[in-house]
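Comments concern the structure below.
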Amino acid sequence: DQGETLIELLVVILIIGILAAIAIPSFLNQRAKAYDAAAKSNIVTAQTAEETYATDNDGAYTSSLSALQAIEPALKNTPLVAPTAGTASYTLTAVSTGPTGGSDTFVMTDNSGTVSRTCTGSAGGCPNGSW
């Protein structure tokens, strides 16, 4: 046996190409899921910081991202969380931009202790409008 024939080499290259075609889209999907997980994680961290702020300020919530970042420096990481606050409620929003350019927007609202989580977007991380 002098080595592989051209046909054998072409079959091996074809098999490797098929495996790559199957694997690459699934890896891209995992990146999008990671971006979405980072956005959700930042909202949960901001929720803890918002409650800490309210504890220190007689139950008043803040709309200041810098006030939340002073409590939790990890909120300086992207995606940034945008807080809005009322007297008995607050809303936290984070936008996750996926590798394909699409984005998902995650929103968490606490209204007098009732928490709702909604999302919108085209990057695939928001299939039913809630998380």
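Going by the structure tokens order, chains are called A, B, ..., each with residues numbered from 1, while ligands are numbered from 1 in the order shown.
Residues in contact range of segment 87-93 of chain A, defined as at most 9 Å between only C-alpha atoms, with sequence neighbours fewer than 3 positions away removed, read Ala39, Ile43, Val44, Ala46, Gln47, Glu50, Gly59, Ala60, Tyr61, Thr62, Ser63, Leu80, Val81, Ala82, Pro83, Thr84, Thr105, Phe106, Val107, Met108, Thr109, Asp110, Asn111, Ser112 and Gly113 of chain A.
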With only C-alpha atoms as the counted atoms, please give the residues lying no more than 10 Å from Gly125 of chain A, apart from itself and same-chain residues fewer than 5 positions off, as a PyMOL selection string. chain A and resi 29+32-37+96+98+103-106+119-120+130-131
Selected residues written out, N, CA and C atoms, as a PDB file, in the first residue's frame:
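Saved file again-v6.pdb follows:
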ATOM      1  N   ASN A  29     -25.278  29.868  17.450  1.00  0.00           N
ATOM      2  CA  ASN A  29     -26.441  29.950  18.316  1.00  0.00           C
ATOM      3  C   ASN A  29     -26.022  30.044  19.782  1.00  0.00           C
ATOM      4  N   ALA A  32     -25.129  33.637  20.676  1.00  0.00           N
ATOM      5  CA  ALA A  32     -26.319  34.472  20.883  1.00  0.00           C
ATOM      6  C   ALA A  32     -26.929  34.207  22.250  1.00  0.00           C
ATOM      7  N   LYS A  33     -26.968  32.947  22.660  1.00  0.00           N
ATOM      8  CA  LYS A  33     -27.486  32.609  23.987  1.00  0.00           C
ATOM      9  C   LYS A  33     -26.617  33.218  25.085  1.00  0.00           C
ATOM     10  N   ALA A  34     -25.320  33.264  24.878  1.00  0.00           N
ATOM     11  CA  ALA A  34     -24.417  33.858  25.869  1.00  0.00           C
ATOM     12  C   ALA A  34     -24.661  35.362  26.003  1.00  0.00           C
ATOM     13  N   TYR A  35     -24.875  36.055  24.872  1.00  0.00           N
ATOM     14  CA  TYR A  35     -25.180  37.489  24.927  1.00  0.00           C
ATOM     15  C   TYR A  35     -26.483  37.727  25.689  1.00  0.00           C
ATOM     16  N   ASP A  36     -27.488  36.902  25.427  1.00  0.00           N
ATOM     17  CA  ASP A  36     -28.763  37.041  26.128  1.00  0.00           C
ATOM     18  C   ASP A  36     -28.611  36.749  27.615  1.00  0.00           C
ATOM     19  N   ALA A  37     -27.830  35.744  27.960  1.00  0.00           N
ATOM     20  CA  ALA A  37     -27.604  35.412  29.371  1.00  0.00           C
ATOM     21  C   ALA A  37     -26.910  36.558  30.090  1.00  0.00           C
ATOM     22  N   SER A  96     -29.445  43.062  24.392  1.00  0.00           N
ATOM     23  CA  SER A  96     -28.424  42.101  24.010  1.00  0.00           C
ATOM     24  C   SER A  96     -28.287  42.106  22.499  1.00  0.00           C
ATOM     25  N   GLY A  98     -26.781  40.357  19.384  1.00  0.00           N
ATOM     26  CA  GLY A  98     -26.215  39.071  19.014  1.00  0.00           C
ATOM     27  C   GLY A  98     -25.165  39.170  17.924  1.00  0.00           C
ATOM     28  N   SER A 103     -31.026  42.023  17.771  1.00  0.00           N
ATOM     29  CA  SER A 103     -30.942  42.309  19.199  1.00  0.00           C
ATOM     30  C   SER A 103     -32.201  41.840  19.908  1.00  0.00           C
ATOM     31  N   ASP A 104     -32.043  41.553  21.199  1.00  0.00           N
ATOM     32  CA  ASP A 104     -33.154  41.218  22.073  1.00  0.00           C
ATOM     33  C   ASP A 104     -33.156  42.228  23.209  1.00  0.00           C
ATOM     34  N   THR A 105     -34.324  42.722  23.569  1.00  0.00           N
ATOM     35  CA  THR A 105     -34.459  43.663  24.674  1.00  0.00           C
ATOM     36  C   THR A 105     -35.171  42.953  25.816  1.00  0.00           C
ATOM     37  N   PHE A 106     -34.523  42.937  26.970  1.00  0.00           N
ATOM     38  CA  PHE A 106     -35.071  42.282  28.154  1.00  0.00           C
ATOM     39  C   PHE A 106     -35.478  43.359  29.163  1.00  0.00           C
ATOM     40  N   CYS A 119     -39.727  40.403  27.064  1.00  0.00           N
ATOM     41  CA  CYS A 119     -38.638  40.597  26.118  1.00  0.00           C
ATOM     42  C   CYS A 119     -39.197  40.716  24.711  1.00  0.00           C
ATOM     43  N   THR A 120     -38.424  41.393  23.870  1.00  0.00           N
ATOM     44  CA  THR A 120     -38.752  41.531  22.457  1.00  0.00           C
ATOM     45  C   THR A 120     -37.455  41.428  21.684  1.00  0.00           C
ATOM     46  N   SER A 130     -41.388  36.424  27.005  1.00  0.00           N
ATOM     47  CA  SER A 130     -41.106  36.510  28.431  1.00  0.00           C
ATOM     48  C   SER A 130     -39.894  35.657  28.760  1.00  0.00           C
ATOM     49  N   TRP A 131     -39.257  35.995  29.835  1.00  0.00           N
ATOM     50  CA  TRP A 131     -38.075  35.206  30.250  1.00  0.00           C
ATOM     51  C   TRP A 131     -38.201  34.911  31.679  1.00  0.00           C
TER      52      TRP A 131
END
| request: Run DSSP on the backbone of this structure and report the residues of segment 43-118 of chain A it assigns to strand (DSSP E or B), as an MDAnalysis selection string. | output: chainID A and resid 81:85 89:97 103:111 114:118
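Using only C-alpha atoms, the nearest neighbour of Ala38 of chain A within the list A:Ser26, A:Gln69, A:Asn57, A:Thr78 is A:Thr78.
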Review point. Segment 72-76 of chain A: which residues within 10 Å, counting only C-alpha atoms, same-chain residues fewer than 6 positions away excluded, as number ranges by chain?
Key: A: 41-43, 45-46, 48-50, 52, 65-66
Let me see the file: selected residues, all heavy atoms, as a compact mmCIF listing (two decimals), in the first residue's frame.
# COMPACT_ATOMS: atom_id res chain seq x y z
N SER A 41 -28.49 38.45 33.25
CA SER A 41 -27.70 38.47 34.48
C SER A 41 -27.50 39.89 34.99
O SER A 41 -27.59 40.15 36.19
CB SER A 41 -26.35 37.80 34.23
OG SER A 41 -25.53 37.91 35.36
N ASN A 42 -27.24 40.82 34.07
CA ASN A 42 -27.06 42.21 34.47
C ASN A 42 -28.35 42.79 35.04
O ASN A 42 -28.31 43.59 35.98
CB ASN A 42 -26.56 43.05 33.30
CG ASN A 42 -25.07 42.87 33.07
OD1 ASN A 42 -24.39 42.20 33.86
ND2 ASN A 42 -24.56 43.43 32.00
N ILE A 43 -29.49 42.39 34.50
CA ILE A 43 -30.77 42.88 35.05
C ILE A 43 -30.97 42.35 36.47
O ILE A 43 -31.39 43.08 37.37
CB ILE A 43 -31.95 42.51 34.14
CG1 ILE A 43 -31.92 43.39 32.90
CG2 ILE A 43 -33.28 42.66 34.86
CD1 ILE A 43 -33.03 43.14 31.91
N THR A 45 -28.67 41.46 38.58
CA THR A 45 -27.71 42.17 39.44
C THR A 45 -28.21 43.58 39.74
O THR A 45 -28.13 44.05 40.87
CB THR A 45 -26.33 42.22 38.76
OG1 THR A 45 -25.89 40.88 38.51
CG2 THR A 45 -25.31 42.94 39.61
N ALA A 46 -28.76 44.25 38.72
CA ALA A 46 -29.30 45.59 38.92
C ALA A 46 -30.51 45.57 39.85
O ALA A 46 -30.72 46.50 40.63
CB ALA A 46 -29.68 46.21 37.57
N THR A 48 -30.95 43.56 42.40
CA THR A 48 -30.39 43.50 43.76
C THR A 48 -29.87 44.86 44.19
O THR A 48 -30.09 45.30 45.32
CB THR A 48 -29.27 42.44 43.83
OG1 THR A 48 -29.80 41.19 43.40
CG2 THR A 48 -28.72 42.31 45.24
N ALA A 49 -29.17 45.55 43.28
CA ALA A 49 -28.64 46.88 43.60
C ALA A 49 -29.77 47.88 43.83
O ALA A 49 -29.68 48.73 44.74
CB ALA A 49 -27.73 47.36 42.47
N GLU A 50 -30.84 47.79 43.05
CA GLU A 50 -31.99 48.69 43.21
C GLU A 50 -32.65 48.47 44.58
O GLU A 50 -32.99 49.43 45.27
CB GLU A 50 -33.00 48.44 42.09
CG GLU A 50 -34.12 49.44 42.00
CD GLU A 50 -33.72 50.78 41.41
OE1 GLU A 50 -33.40 50.86 40.22
OE2 GLU A 50 -33.74 51.78 42.18
N THR A 52 -31.16 47.25 47.23
CA THR A 52 -30.19 47.75 48.23
C THR A 52 -30.28 49.26 48.33
O THR A 52 -30.27 49.82 49.43
CB THR A 52 -28.76 47.32 47.84
OG1 THR A 52 -28.71 45.90 47.76
CG2 THR A 52 -27.74 47.81 48.85
N LEU A 65 -28.22 55.12 36.80
CA LEU A 65 -27.35 53.97 36.61
C LEU A 65 -26.08 54.11 37.44
O LEU A 65 -25.60 53.14 38.02
CB LEU A 65 -27.00 53.78 35.13
CG LEU A 65 -26.06 52.62 34.81
CD1 LEU A 65 -26.64 51.29 35.27
CD2 LEU A 65 -25.76 52.58 33.33
N SER A 66 -25.56 55.33 37.56
CA SER A 66 -24.33 55.53 38.34
C SER A 66 -24.55 55.21 39.82
O SER A 66 -23.65 54.71 40.49
CB SER A 66 -23.78 56.94 38.16
OG SER A 66 -24.72 57.89 38.59
